[in-house]
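Report on one structure; see the data block that follows.
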Amino acid sequence: MNNQNLIRKNLKDAQELLKAAFDLIDIPPAKYSENDIESAICLKYNLSKEDLEGKSKKGKLEFARPIWAYLLFSHVTENKTEVARIMKRKSHSAAIDFINRANGLIDTSFKFKSDVEEIRGILKSKYSKA
């Protein structure tokens, strides 16, 4: 193995160790307000609050509502009934469906995961200015 390949292997090993170390650190997620999360999602997807809270399933809402439920569950409350109430849904089963869809998409869709991180960035920048 030449030096360049050895360096690449060591760098890859170091990156994997750092990732494992950060995964072990149990840092609680930041707490954001439900209104700030809703506003950040509306900003990202160019939606009105009425669109986000409505019943339509078209277009941008395919990602917007699962992200909304996921971020509410992660950063506001772990009570799915409360998540459903905030989202103006009749039962907690809607929140469960959105959260499960988000968890699946985070593992399978690069676009979805990057949208979640972009919205978290919007929230972080708002809170870092406050």
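Scheme for the structure tokens: letters A, B, ... for chains in order shown; per-chain residue numbers from 1; ligand numbers from 1 in order shown.
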What residues in range 56-89 of chain A get the DSSP label alpha helix (DSSP H)? Please answer as JSON, numbers by chain.
-> {"A": [61, 62, 63, 64, 65, 66, 67, 68, 69, 70, 71, 72, 73, 74, 75, 80, 81, 82, 83, 84, 85, 86]}
With N, CA and C atoms retained, export the selected residues as a PDB file, in the first residue's frame.
```pdb
ATOM      1  N   LEU A  61     -46.313  19.900  -0.372  1.00  0.00           N
ATOM      2  CA  LEU A  61     -46.807  19.391   0.904  1.00  0.00           C
ATOM      3  C   LEU A  61     -46.378  17.952   1.167  1.00  0.00           C
ATOM      4  N   GLU A  62     -45.949  17.254   0.119  1.00  0.00           N
ATOM      5  CA  GLU A  62     -45.485  15.876   0.268  1.00  0.00           C
ATOM      6  C   GLU A  62     -44.343  15.787   1.282  1.00  0.00           C
ATOM      7  N   PHE A  63     -43.439  16.766   1.272  1.00  0.00           N
ATOM      8  CA  PHE A  63     -42.338  16.810   2.236  1.00  0.00           C
ATOM      9  C   PHE A  63     -42.646  17.752   3.397  1.00  0.00           C
ATOM     10  N   ALA A  64     -43.381  18.818   3.140  1.00  0.00           N
ATOM     11  CA  ALA A  64     -43.567  19.861   4.154  1.00  0.00           C
ATOM     12  C   ALA A  64     -44.236  19.346   5.421  1.00  0.00           C
ATOM     13  N   ARG A  65     -45.332  18.619   5.286  1.00  0.00           N
ATOM     14  CA  ARG A  65     -46.051  18.165   6.485  1.00  0.00           C
ATOM     15  C   ARG A  65     -45.288  17.100   7.274  1.00  0.00           C
ATOM     16  N   PRO A  66     -44.685  16.094   6.629  1.00  0.00           N
ATOM     17  CA  PRO A  66     -43.887  15.160   7.437  1.00  0.00           C
ATOM     18  C   PRO A  66     -42.728  15.855   8.169  1.00  0.00           C
ATOM     19  N   ILE A  67     -42.092  16.816   7.507  1.00  0.00           N
ATOM     20  CA  ILE A  67     -41.014  17.562   8.179  1.00  0.00           C
ATOM     21  C   ILE A  67     -41.582  18.355   9.351  1.00  0.00           C
ATOM     22  N   TRP A  68     -42.728  18.961   9.146  1.00  0.00           N
ATOM     23  CA  TRP A  68     -43.383  19.728  10.205  1.00  0.00           C
ATOM     24  C   TRP A  68     -43.636  18.829  11.426  1.00  0.00           C
ATOM     25  N   ALA A  69     -44.238  17.663  11.197  1.00  0.00           N
ATOM     26  CA  ALA A  69     -44.520  16.735  12.298  1.00  0.00           C
ATOM     27  C   ALA A  69     -43.228  16.259  12.956  1.00  0.00           C
ATOM     28  N   TYR A  70     -42.243  15.931  12.140  1.00  0.00           N
ATOM     29  CA  TYR A  70     -40.960  15.438  12.640  1.00  0.00           C
ATOM     30  C   TYR A  70     -40.280  16.484  13.528  1.00  0.00           C
ATOM     31  N   LEU A  71     -40.253  17.737  13.066  1.00  0.00           N
ATOM     32  CA  LEU A  71     -39.606  18.793  13.850  1.00  0.00           C
ATOM     33  C   LEU A  71     -40.402  19.143  15.104  1.00  0.00           C
ATOM     34  N   LEU A  72     -41.720  19.122  15.012  1.00  0.00           N
ATOM     35  CA  LEU A  72     -42.533  19.348  16.216  1.00  0.00           C
ATOM     36  C   LEU A  72     -42.252  18.260  17.244  1.00  0.00           C
ATOM     37  N   PHE A  73     -42.208  17.021  16.788  1.00  0.00           N
ATOM     38  CA  PHE A  73     -41.962  15.885  17.682  1.00  0.00           C
ATOM     39  C   PHE A  73     -40.547  15.937  18.264  1.00  0.00           C
ATOM     40  N   SER A  74     -39.587  16.378  17.458  1.00  0.00           N
ATOM     41  CA  SER A  74     -38.187  16.433  17.898  1.00  0.00           C
ATOM     42  C   SER A  74     -37.878  17.633  18.777  1.00  0.00           C
ATOM     43  N   HIS A  75     -38.535  18.765  18.520  1.00  0.00           N
ATOM     44  CA  HIS A  75     -38.114  20.016  19.152  1.00  0.00           C
ATOM     45  C   HIS A  75     -39.164  20.699  20.025  1.00  0.00           C
ATOM     46  N   LYS A  80     -47.661  12.813  20.697  1.00  0.00           N
ATOM     47  CA  LYS A  80     -48.190  12.790  19.326  1.00  0.00           C
ATOM     48  C   LYS A  80     -49.579  13.422  19.227  1.00  0.00           C
ATOM     49  N   THR A  81     -50.361  13.340  20.281  1.00  0.00           N
ATOM     50  CA  THR A  81     -51.663  14.008  20.291  1.00  0.00           C
ATOM     51  C   THR A  81     -51.475  15.521  20.228  1.00  0.00           C
ATOM     52  N   GLU A  82     -50.471  16.013  20.929  1.00  0.00           N
ATOM     53  CA  GLU A  82     -50.162  17.444  20.903  1.00  0.00           C
ATOM     54  C   GLU A  82     -49.650  17.855  19.521  1.00  0.00           C
ATOM     55  N   VAL A  83     -48.820  17.018  18.904  1.00  0.00           N
ATOM     56  CA  VAL A  83     -48.345  17.296  17.540  1.00  0.00           C
ATOM     57  C   VAL A  83     -49.544  17.401  16.601  1.00  0.00           C
ATOM     58  N   ALA A  84     -50.485  16.463  16.707  1.00  0.00           N
ATOM     59  CA  ALA A  84     -51.686  16.486  15.857  1.00  0.00           C
ATOM     60  C   ALA A  84     -52.500  17.760  16.103  1.00  0.00           C
ATOM     61  N   ARG A  85     -52.621  18.167  17.364  1.00  0.00           N
ATOM     62  CA  ARG A  85     -53.368  19.393  17.685  1.00  0.00           C
ATOM     63  C   ARG A  85     -52.721  20.614  17.044  1.00  0.00           C
ATOM     64  N   ILE A  86     -51.392  20.707  17.156  1.00  0.00           N
ATOM     65  CA  ILE A  86     -50.669  21.833  16.572  1.00  0.00           C
ATOM     66  C   ILE A  86     -50.857  21.859  15.052  1.00  0.00           C
TER      67      ILE A  86
END
```
Considering only C-alpha atoms, return as a ChimeraX atom specification whatever protein or nucleic-acid residues lie within 12 Å of Gly104 in chain A, sequence-local ones (same chain, fewer than 3 positions apart) excluded.
-> /A:63,66-67,70,97-101,107-110,112-113
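Put simply, CA of Ser39 in chain A is 15.1 Å away from CA of Glu117 in chain A.
Proximity to Lys126 in chain A was assessed for A:Asn79, A:Ser114, A:Ser56, A:Ser33 counting only C-alpha atoms; the smallest distance is recorded for A:Ser33.
Put simply, CA of Gly121 in chain A is 29.8 Å away from CA of Ser91 in chain A.
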